[in-house]
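Below is one structure, written out as structure tokens, with a few remarks after it.
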Amino acid sequence: MITNMTEGKPGKILWRFALPLLCSVAFQQMYQIADSMIAGQCVGGAALAAIGVSYPVTMLFLAVATGLNLGCSVAVSQLFGAKEYDRMKTAVSTSILTSLVIAIALTVGGLLFCNDILSALKTEAYIFDDAAEYLRIYLYGMVFLFLYNICTGIFNALGDSRTPLYLLIGSSVGNVILDYVLVTFFDLGVAGVAWATFVAQGAASVLALVTLLGRLRRFTSGTFRWFSGSMLARVAYLAVPSILQQSFISVGNLFIQWLVNGYSWEVVGGFSAAMKLNNFVIVGLTAMGSAISSFSAQNIGAARYDRVSQGLKAGMKLSVAVAAPFSLLFALGGSMMMRLFVGAEEAGVIAAGALFLQVVAPFYVLISFKLSADGVLRGAGAMVPFMISTFSDLILRVVLAFVFSRSFGVSGIWWSWPVGWFIGTAASLLFVRSGVWKRRTRLTE
């Protein structure tokens, strides 16, 4: 369902648009959590650690796909809000073709340097082969990953957050069923988890593309171009900072993973499981930020600046409502949550993961404010302030992880999260308060 967000009550429209987004990311994260749960419970803690070592690497590739998603979404939202449908279609086709080329290049590069990457991360020999196998199978599905993300970004730009939800529900349910069948009945271990993701993601991406092309035919427009260099430049202007944001976060996580890998495999396994739970919340709050971004972009495209501030206030309230329950659950019940991944006999894994959650979870409300403010900056195309707030958070978090670990061990690594979040949140809120987002850059071809 395509939604015009330039009319109507901002809070109500934003909630109706954001709810399917939240459900989508919930299902997406749930099947990733299911991967780890099935691996940990059916194969063992070492399998959980193997997937965990590969996770920050796969997140780096996902970061590029997500950055393209966000950049394309803002460009398409602004053109949709301005009712320039021919240029909107040019932006869509240019974005899809570009994302496929990037996906192929990353697939080739990843396969060539798979072992080198894992070696650089100090991956223990005990889990190295499983981690490498998981990563290679993941790389085979790179085109599907990029295609699905770019289609999702376009759906969101058009105010349609339900179609991605329906696709993701089907993909998630299929993935979990395949996980269990391939691991339990075919005894494929970590490879079975990876192949389940490959098949489910491939089916979802093809269906997403077919559905999107059908939706675009409904818009009456003049002649559009399948590929435009100037439109690519505009999409890149919006996408590159988002890609850098997501990639820097992932690169920062690689450094932290390298640091964590210096401890026992129990700590690696605990960190892996706890990060899946942590990302479940963070990705949900990021989805709220994306909803605010689409809302802001459409209204800026229609020169309805007053609605942007109203949407931000409503979005912050919704984000807090999402963050607060998980803060309580993870901070007070960290050990219980960790037992979803491993049996009670894996005491070292449980202790490491529970400690991470107890340190980080109380600050989810804080990061919800940052991601909401980031949504306005990104939707307005105010990419320099957006990058400053993001990189200040990330760089400080990585540096502090190394500094704190020297004095406080692994708990010092965990404390780098809330400190970095505090600095990044302060920067984002100050930029929004300054009104820099009102200086909209006109889309030109």
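Letters for chains follow the order of the structure tokens (A, B, ...), residue numbers begin at 1 for each chain, and ligand numbers begin at 1 in the order shown.
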Using only C-alpha atoms, what does the table of range 165-260 of chain A residues within 10 Å of range 409-428 of chain A look like, with each row giving the shortest atom pair and its distance in Å to one decimal, sorted by chain and ascending number, as CSV?
residue,atom,partner,partner_atom,distance
A:Ile256,CA,A:Ile413,CA,7.7
A:Leu259,CA,A:Ile413,CA,8.4
A:Val260,CA,A:Val410,CA,7.4
Using the selection just defined, write its residues with N, CA, C and O atoms as a JSON list (two decimals), in the first residue's frame.
[["chain", "number", "residue", "atom", "x", "y", "z"],
["A", 256, "ILE", "N", 36.51, -4.84, 17.26],
["A", 256, "ILE", "CA", 36.08, -5.35, 18.56],
["A", 256, "ILE", "C", 36.05, -6.88, 18.55],
["A", 256, "ILE", "O", 36.42, -7.52, 19.54],
["A", 259, "LEU", "N", 39.41, -8.08, 19.08],
["A", 259, "LEU", "CA", 39.76, -7.95, 20.49],
["A", 259, "LEU", "C", 39.14, -9.08, 21.31],
["A", 259, "LEU", "O", 39.80, -9.71, 22.15],
["A", 260, "VAL", "N", 37.87, -9.37, 21.05],
["A", 260, "VAL", "CA", 37.16, -10.43, 21.78],
["A", 260, "VAL", "C", 37.76, -11.79, 21.47],
["A", 260, "VAL", "O", 37.85, -12.66, 22.35]]
**Item:** Surrounding residues of Gly311 in chain A excluding itself and chain neighbours under 6 positions, 7 Å, only C-alpha atoms, as a list in words
**Value:**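 The residues satisfying every condition are Pro10, Gly11, Leu14 and Ile292 of chain A.
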Contact check, range 205-306 of chain A to range 361-367 of chain A, at most 8 Å, counting only C-alpha atoms, closest pairs as a Markdown table:
| residue | atom | partner | partner_atom | distance |
| --- | --- | --- | --- | --- |
| A:Asn278 | CA | A:Ala361 | CA | 7.6 |
| A:Val281 | CA | A:Tyr364 | CA | 7.9 |
| A:Ile282 | CA | A:Tyr364 | CA | 7.8 |
**Among listed residues A:Leu254, A:Lys9, A:Ala65, A:Glu266, nearest Ala401 in chain A (using only C-alpha atoms)** =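 Between A:Leu254, A:Lys9, A:Ala65, A:Glu266, the residue approaching Ala401 in chain A most closely is A:Leu254.
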**Request:** Write out as a list in words which residues come within 9 Å of Gly202 in chain A when counting only C-alpha atoms, dropping same-chain ones fewer than 4 positions away.
**Result:**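 Once the adjacent positions are removed, what remains is Gly141, Val143, Phe144, Leu145, Tyr148, Ser171, Thr197, Phe198, Val206 and Leu207 of chain A.
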**Request:** State, in Å with one decimal place, the distance from CA of Leu429 in chain A to CA of Arg397 in chain A.
**Result:** 18.6 Å
**Item:** Length of the CA of Thr107 in chain A to CA of Val76 in chain A vector [Å]
**Value:**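 Computing it gives 26.8 Å between the two atoms.
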**Message:** as a PyMOL selection string, please: the residues near Val199 in chain A (cut-off 12 Å, only C-alpha atoms, same-chain neighbours under 6 positions excluded).
**Reply:** chain A and resi 137-138+140-142+144-145+170-179+182+192-193+205-206
Output all heavy atoms of each residue in that selection to a file, as a short mmCIF file (atom, residue, chain, number, x, y, z; two decimals), in the first residue's frame.
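Once everything was written out, this is out20.cif:
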data_model
loop_
_atom_site.label_atom_id
_atom_site.label_comp_id
_atom_site.auth_asym_id
_atom_site.auth_seq_id
_atom_site.Cartn_x
_atom_site.Cartn_y
_atom_site.Cartn_z
N ILE A 137 29.31 -19.71 2.00
CA ILE A 137 27.93 -19.93 1.57
C ILE A 137 27.14 -18.62 1.64
O ILE A 137 26.33 -18.32 0.77
CB ILE A 137 27.26 -21.02 2.43
CG1 ILE A 137 27.99 -22.35 2.23
CG2 ILE A 137 25.78 -21.17 2.09
CD1 ILE A 137 27.57 -23.44 3.20
N TYR A 138 27.41 -17.84 2.67
CA TYR A 138 26.76 -16.53 2.79
C TYR A 138 27.09 -15.66 1.58
O TYR A 138 26.22 -14.96 1.04
CB TYR A 138 27.22 -15.85 4.08
CG TYR A 138 26.61 -14.49 4.31
CD1 TYR A 138 25.44 -14.35 5.06
CD2 TYR A 138 27.20 -13.34 3.80
CE1 TYR A 138 24.88 -13.10 5.28
CE2 TYR A 138 26.65 -12.09 4.01
CZ TYR A 138 25.49 -11.96 4.74
OH TYR A 138 24.93 -10.73 4.95
N TYR A 140 27.75 -16.55 -1.43
CA TYR A 140 27.06 -16.98 -2.63
C TYR A 140 25.71 -16.27 -2.80
O TYR A 140 25.23 -16.09 -3.92
CB TYR A 140 26.81 -18.50 -2.59
CG TYR A 140 28.06 -19.35 -2.60
CD1 TYR A 140 28.07 -20.59 -1.97
CD2 TYR A 140 29.22 -18.92 -3.22
CE1 TYR A 140 29.22 -21.38 -1.96
CE2 TYR A 140 30.37 -19.69 -3.21
CZ TYR A 140 30.36 -20.92 -2.58
OH TYR A 140 31.50 -21.69 -2.56
N GLY A 141 25.10 -15.87 -1.70
CA GLY A 141 23.80 -15.20 -1.76
C GLY A 141 23.86 -13.69 -1.72
O GLY A 141 22.85 -13.03 -1.47
N MET A 142 25.03 -13.11 -2.03
CA MET A 142 25.20 -11.66 -1.93
C MET A 142 24.25 -10.89 -2.85
O MET A 142 23.68 -9.86 -2.48
CB MET A 142 26.65 -11.29 -2.26
CG MET A 142 26.98 -9.85 -1.98
SD MET A 142 27.07 -9.49 -0.23
CE MET A 142 28.51 -10.42 0.22
N PHE A 144 21.30 -11.74 -3.84
CA PHE A 144 19.97 -11.76 -3.24
C PHE A 144 19.86 -10.75 -2.11
O PHE A 144 18.85 -10.06 -1.95
CB PHE A 144 19.65 -13.17 -2.72
CG PHE A 144 19.59 -14.22 -3.77
CD1 PHE A 144 20.07 -15.50 -3.52
CD2 PHE A 144 19.08 -13.95 -5.03
CE1 PHE A 144 20.01 -16.50 -4.49
CE2 PHE A 144 19.01 -14.93 -6.01
CZ PHE A 144 19.49 -16.21 -5.73
N LEU A 145 20.91 -10.67 -1.30
CA LEU A 145 20.93 -9.74 -0.18
C LEU A 145 20.76 -8.30 -0.66
O LEU A 145 19.93 -7.54 -0.13
CB LEU A 145 22.24 -9.88 0.60
CG LEU A 145 22.50 -8.85 1.70
CD1 LEU A 145 21.56 -9.08 2.87
CD2 LEU A 145 23.96 -8.91 2.17
N GLY A 170 7.32 -14.59 5.30
CA GLY A 170 7.48 -15.85 4.56
C GLY A 170 8.91 -16.33 4.54
O GLY A 170 9.19 -17.52 4.75
N SER A 171 9.84 -15.40 4.33
CA SER A 171 11.27 -15.75 4.28
C SER A 171 11.76 -16.24 5.64
O SER A 171 12.50 -17.23 5.72
CB SER A 171 12.08 -14.52 3.85
OG SER A 171 13.45 -14.77 3.92
N SER A 172 11.35 -15.57 6.71
CA SER A 172 11.81 -15.93 8.06
C SER A 172 11.30 -17.30 8.48
O SER A 172 12.06 -18.12 9.01
CB SER A 172 11.35 -14.87 9.06
OG SER A 172 11.86 -13.60 8.74
N VAL A 173 10.01 -17.53 8.25
CA VAL A 173 9.44 -18.83 8.62
C VAL A 173 10.12 -19.94 7.82
O VAL A 173 10.49 -20.99 8.38
CB VAL A 173 7.92 -18.84 8.38
CG1 VAL A 173 7.35 -20.24 8.57
CG2 VAL A 173 7.22 -17.86 9.33
N GLY A 174 10.30 -19.71 6.52
CA GLY A 174 10.97 -20.70 5.69
C GLY A 174 12.39 -20.96 6.13
O GLY A 174 12.87 -22.10 6.14
N ASN A 175 13.09 -19.87 6.53
CA ASN A 175 14.48 -20.00 6.97
C ASN A 175 14.60 -20.85 8.23
O ASN A 175 15.48 -21.72 8.33
CB ASN A 175 15.06 -18.62 7.22
CG ASN A 175 16.54 -18.63 7.49
OD1 ASN A 175 17.35 -18.52 6.58
ND2 ASN A 175 16.91 -18.80 8.75
N VAL A 176 13.72 -20.60 9.19
CA VAL A 176 13.77 -21.35 10.45
C VAL A 176 13.48 -22.82 10.22
O VAL A 176 14.15 -23.71 10.78
CB VAL A 176 12.79 -20.75 11.48
CG1 VAL A 176 12.71 -21.64 12.73
CG2 VAL A 176 13.22 -19.34 11.87
N ILE A 177 12.47 -23.11 9.39
CA ILE A 177 12.14 -24.50 9.09
C ILE A 177 13.31 -25.20 8.41
O ILE A 177 13.69 -26.33 8.77
CB ILE A 177 10.87 -24.58 8.21
CG1 ILE A 177 9.65 -24.09 9.00
CG2 ILE A 177 10.64 -26.01 7.72
CD1 ILE A 177 8.40 -23.97 8.17
N LEU A 178 13.91 -24.53 7.42
CA LEU A 178 15.06 -25.11 6.73
C LEU A 178 16.24 -25.30 7.67
O LEU A 178 16.97 -26.29 7.58
CB LEU A 178 15.46 -24.23 5.55
CG LEU A 178 14.60 -24.33 4.29
CD1 LEU A 178 15.00 -23.26 3.28
CD2 LEU A 178 14.76 -25.72 3.66
N ASP A 179 16.46 -24.31 8.57
CA ASP A 179 17.52 -24.44 9.58
C ASP A 179 17.38 -25.77 10.31
O ASP A 179 18.34 -26.55 10.41
CB ASP A 179 17.40 -23.30 10.61
CG ASP A 179 18.22 -22.09 10.23
OD1 ASP A 179 19.11 -22.23 9.38
OD2 ASP A 179 17.96 -21.02 10.78
N LEU A 182 17.78 -28.99 7.93
CA LEU A 182 19.13 -29.23 7.42
C LEU A 182 20.11 -29.58 8.54
O LEU A 182 21.04 -30.38 8.33
CB LEU A 182 19.63 -28.01 6.65
CG LEU A 182 18.87 -27.68 5.36
CD1 LEU A 182 19.41 -26.42 4.71
CD2 LEU A 182 18.94 -28.84 4.38
N GLY A 192 24.45 -26.10 7.13
CA GLY A 192 23.00 -26.15 6.98
C GLY A 192 22.35 -24.83 7.35
O GLY A 192 21.39 -24.39 6.70
N VAL A 193 22.87 -24.17 8.39
CA VAL A 193 22.36 -22.86 8.79
C VAL A 193 22.56 -21.85 7.66
O VAL A 193 21.67 -21.05 7.34
CB VAL A 193 23.06 -22.38 10.07
CG1 VAL A 193 22.67 -20.95 10.41
CG2 VAL A 193 22.73 -23.31 11.23
N SER A 205 13.95 -12.19 -2.35
CA SER A 205 14.44 -11.12 -3.22
C SER A 205 13.78 -11.15 -4.60
O SER A 205 13.44 -10.11 -5.16
CB SER A 205 15.97 -11.22 -3.37
OG SER A 205 16.35 -12.40 -4.05
N VAL A 206 13.60 -12.34 -5.15
CA VAL A 206 12.95 -12.45 -6.46
C VAL A 206 11.49 -11.98 -6.38
O VAL A 206 11.01 -11.23 -7.24
CB VAL A 206 13.03 -13.90 -6.97
CG1 VAL A 206 12.20 -14.06 -8.24
CG2 VAL A 206 14.49 -14.28 -7.24
#
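Taking CA of Gly381 in chain A and CA of Phe224 in chain A as the two end points, the separation is 23.4 Å.
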**Request:** Extract, using only C-alpha atoms, all DNA, RNA and protein residues at most 10 Å from Pro56 in chain A, discarding same-chain residues fewer than 2 positions from it, and format them as number ranges by chain.
**Result:** A: 51-54, 58-62, 249-258, 272, 275
**Request:** Report the residues of range 106-321 of chain A whose backbone DSSP state falls under alpha helix (DSSP H), written as a ChimeraX atom specification.
**Result:** /A:106-112,114-120,125-140,142-157,162-180,189-216,229-260,265-301,305-321
**Neighbour list for range 80-97 of chain A as a PyMOL selection string, cut-off 9 Å, only C-alpha atoms, skip fewer than 3 positions in-chain** = chain A and resi 4-6+68-69+72+75-77+100-102+146-147+150-151+154+157-158+216+219-229+231-232+234-235+297-303+445
**Fill in**
Counting only C-alpha atoms, closest pick from A:Asp160, A:Glu345, A:Asp393, A:Asp374 relative to Leu21 in chain A is A:Asp160
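Distance annotation: of A:Gly110, A:Gly159, A:Gly8, A:Gly270, the residue with the minimal separation from Arg307 in chain A is A:Gly8; atom set is only C-alpha atoms.
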**Item:** Nearest to Trp437 in chain A by atom-to-atom distance, counting only C-alpha atoms, from A:Val320, A:Leu400, A:Ala347, A:Val308
**Value:**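 Between A:Val320, A:Leu400, A:Ala347, A:Val308, the residue approaching Trp437 in chain A most closely is A:Val308.
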**Request:** Rank A:Lys370, A:Arg378, A:Lys276, A:Arg406 by their smallest atom-to-atom distance to Leu48 in chain A, using only C-alpha atoms, and report the top residue only.
**Result:**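 For Leu48 in chain A, the nearest of the given residues is A:Lys276.
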